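Engineer: Please read through the structure below; I'll follow up with questions.
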Amino acid sequence: MVQRSEVVPAGTVLSRIATPADLRALGPDELDALAGEIRDFLVQQVSRRGGHLGPNLGVVELTLALHRVFDSPSDPVLFDTGHQAYVHKIVTGRAGDFDRLRTRGGLSGYPNRAESPHDWIENSHASTSLSYADGMAKAFALRGEHDRTVVAVIGDGALTGGMAWEALNNIAAAKDRPVVVVLNDNGRSYAPTIGGMAQKMAALRLRPGYEQMLAQVKATVERTPVVGPPLYSGLHAAKTAVKDWLLPPAMFSDLGLKYVGPIDGHDIAGLELALSQARGFRGPVLVHVLTDKGRGYAPAEQDDAELMHSPPAFDPATGQPVAAASTTWTQVFGRELVRIGTVRPDVVAITAAMAGPTGLQPFGRAFGDRLFDVGIAEQHAVASAAGLALGGMHPVVAVYATFLNRAFDQLLLDAAMHRLPVTVVLDRAGVTGEDGPSHHGMWDLSLAAMVPGLRVAAPRDAVSLAAELDEAVAVQDGPTLLRFPKGAVPAPVLAVRRIPPTGIDAGFDAETGAETAPAGAAADGELGPFGAIDVLAEPGPDRAAEVLLVAVGAFGATAVEVAERLAAQGISVRAVDPRWVLPVPAALVELARGHRLVVTLEDGGRSGGVGAAVADALAGTGVPVRILGLPQQFLEPAPRAELLRDLGLSAQAIARGITEQIAGLTESTGGTAKRVAADAG
């Protein structure tokens, strides 16, 4: 383990902070110095591997004040979203571990219960903290622990999520349960926060001095003889009216929450006063704090798009990325959607506060009135998309794969049950790398396989992404879904030939459960792309293929490499890309019958995904199926290639496993095993 002195500069105030209690011994000047040191420390450490910089630069003073007023971990401090908890980690004894931030076995980029008792929850999906806080406060009350206060810091747009308002409704109903909700209002999520609530907040942020002005008027007027008290009463009523016009404190008050604010989120003394008052209230209180995301680091402050929300590794002197630019899956999707939008005025796009990260900004620039940002509200995004489809549009909902989990009910019952033309595009599918278990997008295929009538595509390269996106938005009789991983798009993986679909491949009848031809199929019986299979590699015409290797999406190139490795071992392999992987193409079932072994390869969970669907489709055929995918467990943070290798999903490991299984099949049929289970690399 790296020692603190090797990571934290010696002789600094920061080097003296090992627990929150150490903060309470500091005077005002030392606190200001510490805030500056923490900002410098964040820039230096996050620059090494990337991470959430902007949000944490904005909460330095707020976090110091929280830990000076509240007694963590006895008073739980919950961060929502968890990516703004770096400063919390620093002041709870983990500064010395920041050289291994977002690494395997190192420090998580989010709160992590295994790291510290100060981390009560491992939340990285927005709008959850208030529900946790409500439940914890109820538990403490039932246990008679009335001296404890639960603090939920909600910001970075998380209050746009409906779940937060469901929790507020319950928190406010309990007048004697001490819950302090700290609204970290920086006006941002990734980009500026949208919606009616955000507009009210923005109006107030433009007038941050009005509370101070009214306080000064109060002090002057109350000292005026005779007319002072009546005049002040009138001014106080005016203040209330002004506040109600600018911001919804009346809404919070109507819910039953005591409202305090707005408070300058970079004034430690002011923050401590407000938080101390909130703690002393012993009931539900909302403290409204105004902060500046990216504060104190010029490159972040000058980044109008994201305020360096989550940069890759960068030069701390300039803020510029250190890695050479490459074309990503996200960029290809964004480019192709703009192309489609120019010829399809009915195509609209929906983002859940992530237009930039999901590639929708170019579409928004080209067609401003056709991009809808619904805030951090994935459920609403898909249900709203269903409404757009009912109204005659074809919506494209772009979210990270990990966030589809939240909108499963809407995909199932609002889009699929109504057979609506909604296209869902999942960025960062499969293993995503350093963001860890909450962000690995590995659950989508298992979820999608349960949805009747949902067609699922997994592009293998930029060319197939463009083609399959075209095919998706052409569908009019049900929802479609495309998924692709994080990072650079690979070189093209060319097909040697295409196997056409059978006559029952392309569609789905919700009444009978039977596959049918798609809407718009040509009169001559052409079924279009659904059910067609791209053959990526196969033995020559003089030799039959023993193994059918079914590659899902970005594993196309890996499948070709595996086929080459096994050919060198004397095992003939046909590698195929089903393109539209769910439902399982009938042509794939027919093709599989002529092979000794079928192997499926995907970066989704082994349970309920494409491999499981292929195994179900081949049940009773006598053809064994080996499913290669991700284990159904929460995977740690690590580079994609490293995790895939360790999980047995590298080309070398796959080839070795197939060699062993073919050898076993040969022995089980009574023949002599000519091949040994050896390293196929």
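Naming works like this for the structure tokens: A, B, ... for the chains as they're shown, residue 1 at the start of each chain, ligands 1 onward in shown order.
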Pick out the residues sitting within 12 Å of Asn170 (chain A), and hand them over as a ChimeraX atom specification; count only C-alpha atoms, and ignore anything fewer than 3 positions along from it in its own chain.
Structural biologist: /A:130-135,137-138,163-167,173-175,177,179,255-257,284
Engineer: Please save C-alpha atoms of the selected residues as a PDB file, in the first residue's frame.
Structural biologist:
```
ATOM      1  CA  LEU A 130     -33.534  10.556  -0.447  1.00  0.00           C
ATOM      2  CA  SER A 131     -35.136   7.115  -0.411  1.00  0.00           C
ATOM      3  CA  TYR A 132     -32.149   5.720   1.472  1.00  0.00           C
ATOM      4  CA  ALA A 133     -32.345   8.667   3.880  1.00  0.00           C
ATOM      5  CA  ASP A 134     -36.064   8.162   4.477  1.00  0.00           C
ATOM      6  CA  GLY A 135     -35.585   4.501   5.305  1.00  0.00           C
ATOM      7  CA  ALA A 137     -34.361   7.825   9.496  1.00  0.00           C
ATOM      8  CA  LYS A 138     -37.307   5.480  10.039  1.00  0.00           C
ATOM      9  CA  MET A 163     -37.775   8.950  -7.476  1.00  0.00           C
ATOM     10  CA  ALA A 164     -36.359  11.911  -5.540  1.00  0.00           C
ATOM     11  CA  TRP A 165     -39.791  13.530  -5.377  1.00  0.00           C
ATOM     12  CA  GLU A 166     -41.433  10.302  -4.286  1.00  0.00           C
ATOM     13  CA  ALA A 167     -38.985  10.204  -1.381  1.00  0.00           C
ATOM     14  CA  ALA A 173     -44.669  13.706   6.154  1.00  0.00           C
ATOM     15  CA  ALA A 174     -42.635  12.832   9.257  1.00  0.00           C
ATOM     16  CA  LYS A 175     -42.294  16.041  11.270  1.00  0.00           C
ATOM     17  CA  ARG A 177     -37.650  12.530  11.990  1.00  0.00           C
ATOM     18  CA  VAL A 179     -33.477  14.382   7.838  1.00  0.00           C
ATOM     19  CA  LEU A 255     -44.773  19.534   1.323  1.00  0.00           C
ATOM     20  CA  GLY A 256     -43.876  20.072   4.963  1.00  0.00           C
ATOM     21  CA  LEU A 257     -40.161  20.727   4.604  1.00  0.00           C
ATOM     22  CA  PRO A 284     -37.141  17.427   7.815  1.00  0.00           C
TER      23      PRO A 284
END
```
Engineer: Where in region 287-382 of chain A does DSSP assign alpha helix (DSSP H), given as an MDAnalysis selection string?
Structural biologist: chainID A and resid 298:301 329:343 361:366 378:382
Engineer: Please identify which residues in region 404-522 of chain A DSSP calls strand (DSSP E) from the backbone, and express them as a ChimeraX atom specification.
Structural biologist: /A:423-427,455-457,480-483,497-499
Engineer: To one decimal place, how far is CA of Gln476 (chain A) from CA of Gln361 (chain A) in Å?
Structural biologist: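 Computing it gives 25.5 Å between the two atoms.
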Engineer: Rounded to one decimal place, report the CA of Phe314 (chain A)-CA of Ser127 (chain A) distance in Å.
Structural biologist: 29.4 Å
Engineer: From the set A:Asp304, A:Glu538, A:Asp435, A:Glu378, which residue has the shortest atom-to-atom contact distance to Phe408 (chain A), counting only C-alpha atoms?
Structural biologist: A:Glu378
Engineer: Which residues are close to region 552-566 of chain A, i.e. within 7 Å by only C-alpha atoms, leaving aside same-chain residues fewer than 2 positions away? Reply as a list in words.
Structural biologist: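 In the requested form, the answer reads Ala458, Pro459, Arg460, Asp461, Val493, Leu536, Ala537, Leu549, Val550, Ala568, Gln569, Gly570, Ile571, Ser572, Val573, Ala575, Asp577, Leu601, Glu602, Ala651, Ile654, Ala655, Ala680 and Gly681 of chain A.
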Engineer: Report as a ChimeraX atom specification all protein, DNA and RNA residues lying within 9 Å of Gly93 (chain A), evaluated on only C-alpha atoms, omitting residues in the same chain fewer than 2 positions from it.
Structural biologist: /A:17-20,89-91,95-97,116
